[in-house]
Amino acid sequence: MAATVASSLQIMAARPCLSFSPGVVKAGAAILCSNPKTVLWPKLTNSCNISSLNPFRHGFRSSTVKFIKVVTKAMSESNENRPVSGLPIDLKGKRAFIAGVADDNGYGWAIAKSLAASGAEILVGTWVPALNIFETSLRRGKFNESRLLPDGSLMEITKVYPLDAVFDNLDDVPEDIKTNKRYAGSSKWTVQEVAESVKQDFGSIDILVHSLANGPEVSKPLLETSRKGYLAALSASSYSYVSLLKHFLPLMNPGGSSISLTYIASERIIPGYGGGMSSAKAALESDTRVLAFEAGRKHKIRVNAISAGPLRSRAAKAIGFIDMMIEYSKANAPLQKELSADEVGNTAAFLASPLASAITGALHI
């Protein structure tokens, strides 16, 4: 049975940690709270290190701060000849492949928009069973409002590829998937086949984004997770990135960038985020460091991960308590505001740009 490779689920509370090491002080945000009474402590007390911070939570107050939304400026034709101040993110002439875009409200879509606003050409990989509805919605203009870029133009997606990142090649696909009605009419959707198709169509890419994850038993506690469910989570959520990078590296131009999306459960206990997904995110972060070394030495490619905050995406509904996580994050984060997908997209655009040419093997929180 194929695991659903959906848009990456990234729901993160502020990192509740206060730890010390020689010469280093790492302070998390759990002790920063404008209104301790509103914090959802009872439901999260079994989360790592939270209960130990009770003595601190009444001793800190923060004032309300007005935040201004920052967006990436598109490098459009109309402003090409105008003088630009500062250090603009300019990705003109670059091509990006974003794996895991199936709608217009996830992080994958936001990253595609920021890359497009910076001038990059956009290719996306969409889970096969979701391909038809995604392409139909795109064609009928249902996404036009969310396609709007800062310069007033609409984001263009050059090509949409069917993709199921659980399978490396056709030999890995079981017969029941090959004959499944949801896969009927699509072909060349394994990782190897998609990479070959992109090479045939475009020759090369400069940016690779892994924005997909799935845990079929994510709502189950780890002790109730089956071996099959646990391994499925690792396959879809972490090894899929290894496979993507392995097959797309030969297509990537030197100096290119690869980015994945991870989650705080990789290193903190998040009750309710089960089914082996916390282990999958830990593996993804560990693999990021190893892949950064290997891809950097062999192909001059940078590899980074973004640990994004909570977002009300369709994929997040699988957890069942996304609203609670957003409120918790707002109450405890250093910047007491709800994270927008655009902010994650802009971070990805920076990491893909020459401005981050010396950044690799890093987890960006």
# chains A, B, ... in the order shown; residues from 1 in each chain; ligands from 1
>>> residues_around(residues="Glu267 of chain A", least_positions_apart="4", cutoff="9 Å", atoms="only C-alpha atoms", output="list in words")
Tyr263, Ser278, Ser279, Lys281 and Ala282 of chain A
>>> write_last_selection(atoms="N, CA, C and O atoms", output="PDB file, in the first residue's frame")
ATOM      1  N   TYR A 263      10.899  19.452  11.540  1.00  0.00           N
ATOM      2  CA  TYR A 263       9.950  19.776  12.608  1.00  0.00           C
ATOM      3  C   TYR A 263      10.590  19.554  13.973  1.00  0.00           C
ATOM      4  O   TYR A 263      11.406  18.653  14.152  1.00  0.00           O
ATOM      5  N   SER A 278       8.389  11.519  14.567  1.00  0.00           N
ATOM      6  CA  SER A 278       9.467  12.233  15.255  1.00  0.00           C
ATOM      7  C   SER A 278      10.816  11.621  14.886  1.00  0.00           C
ATOM      8  O   SER A 278      11.803  12.337  14.679  1.00  0.00           O
ATOM      9  N   SER A 279      10.858  10.308  14.778  1.00  0.00           N
ATOM     10  CA  SER A 279      12.091   9.624  14.374  1.00  0.00           C
ATOM     11  C   SER A 279      12.446   9.968  12.931  1.00  0.00           C
ATOM     12  O   SER A 279      13.618  10.133  12.584  1.00  0.00           O
ATOM     13  N   LYS A 281      11.787  12.760  11.354  1.00  0.00           N
ATOM     14  CA  LYS A 281      12.331  14.115  11.296  1.00  0.00           C
ATOM     15  C   LYS A 281      13.749  14.165  11.859  1.00  0.00           C
ATOM     16  O   LYS A 281      14.593  14.926  11.377  1.00  0.00           O
ATOM     17  N   ALA A 282      14.013  13.367  12.896  1.00  0.00           N
ATOM     18  CA  ALA A 282      15.379  13.294  13.423  1.00  0.00           C
ATOM     19  C   ALA A 282      16.325  12.733  12.371  1.00  0.00           C
ATOM     20  O   ALA A 282      17.447  13.218  12.197  1.00  0.00           O
TER      21      ALA A 282
END
>>> residues_around(residues="Ser187 of chain A", least_positions_apart="2", cutoff="8 Å", atoms="only C-alpha atoms", output="NGL selection string")
:A and (162 or 185 or 189)
>>> select_by_dssp(residues="segment 268-362 of chain A", states="strand (DSSP E)", output="list in words")
Arg302, Val303, Asn304, Ala305, Ile306 and Ser307 of chain A
>>> closest_residue(among="A:Pro354, A:Pro174, A:Gly256, A:Gly229", to="Ser118 of chain A", atoms="only C-alpha atoms")
A:Pro354
>>> closest_residue(among="A:Val160, A:Val173, A:Ala213, A:Leu231", to="Glu135 of chain A", atoms="only C-alpha atoms")
A:Val160
>>> residues_around(residues="Ala117 of chain A", least_positions_apart="3", cutoff="12 Å", atoms="only C-alpha atoms", output="JSON, numbers by chain")
{"A": [71, 72, 73, 74, 75, 76, 77, 88, 89, 90, 91, 92, 94, 110, 111, 112, 113, 114, 120, 121, 122, 147, 148, 149, 150, 151, 152, 153, 154, 155, 156, 342, 345, 346, 349, 350]}
>>> closest_residue(among="A:Leu223, A:Leu251, A:Ile177, A:Val128", to="Gln200 of chain A", atoms="only C-alpha atoms")
A:Leu251
>>> residues_around(residues="Phe97 of chain A", least_positions_apart="6", cutoff="6 Å", atoms="only C-alpha atoms", output="MDAnalysis selection string")
chainID A and resid 123:124 208
>>> closest_residue(among="A:Leu261, A:Pro129, A:Thr288, A:Asp164", to="Ile365 of chain A", atoms="only C-alpha atoms")
A:Leu261
>>> select_by_dssp(residues="segment 181-304 of chain A", states="helix (DSSP H, G or I)", output="VMD selection string")
chain A and resid 181 to 183 191 to 202 222 to 224 227 to 251 264 to 266 277 to 299
>>> atom_distance(atom1="atom CA of Arg139 of chain A", atom2="atom CA of Ser186 of chain A")
17.9 Å
>>> residues_around(residues="Lys188 of chain A", least_positions_apart="6", cutoff="9 Å", atoms="only C-alpha atoms", output="list of chain:residue names")
A:Tyr161, A:Pro162, A:Leu163, A:Asn169, A:Leu170, A:Val194, A:Glu196, A:Ser197
>>> residues_around(residues="Gly272 of chain A", least_positions_apart="6", cutoff="8 Å", atoms="only C-alpha atoms", output="PDB file with N, CA, C and O atoms, in the first residue's frame")
ATOM      1  N   VAL A 218       0.399   8.444  12.216  1.00  0.00           N
ATOM      2  CA  VAL A 218       0.869   9.617  12.956  1.00  0.00           C
ATOM      3  C   VAL A 218       0.055   9.907  14.204  1.00  0.00           C
ATOM      4  O   VAL A 218       0.562  10.476  15.183  1.00  0.00           O
ATOM      5  N   SER A 219      -1.216   9.522  14.231  1.00  0.00           N
ATOM      6  CA  SER A 219      -2.058   9.793  15.405  1.00  0.00           C
ATOM      7  C   SER A 219      -1.871   8.781  16.523  1.00  0.00           C
ATOM      8  O   SER A 219      -2.422   8.944  17.612  1.00  0.00           O
ATOM      9  N   LYS A 220      -1.069   7.747  16.294  1.00  0.00           N
ATOM     10  CA  LYS A 220      -0.853   6.718  17.308  1.00  0.00           C
ATOM     11  C   LYS A 220       0.387   7.034  18.141  1.00  0.00           C
ATOM     12  O   LYS A 220       1.395   7.486  17.609  1.00  0.00           O
ATOM     13  N   PRO A 221       0.353   6.772  19.453  1.00  0.00           N
ATOM     14  CA  PRO A 221       1.563   6.888  20.266  1.00  0.00           C
ATOM     15  C   PRO A 221       2.625   5.930  19.732  1.00  0.00           C
ATOM     16  O   PRO A 221       2.306   4.914  19.097  1.00  0.00           O
ATOM     17  N   ILE A 319      -2.867  15.684  12.305  1.00  0.00           N
ATOM     18  CA  ILE A 319      -2.448  15.654  13.701  1.00  0.00           C
ATOM     19  C   ILE A 319      -3.646  15.808  14.631  1.00  0.00           C
ATOM     20  O   ILE A 319      -3.755  15.157  15.648  1.00  0.00           O
TER      21      ILE A 319
END
>>> closest_residue(among="A:Asp168, A:Ile157, A:Ile301, A:Ala292", to="Ser235 of chain A", atoms="only C-alpha atoms")
A:Asp168
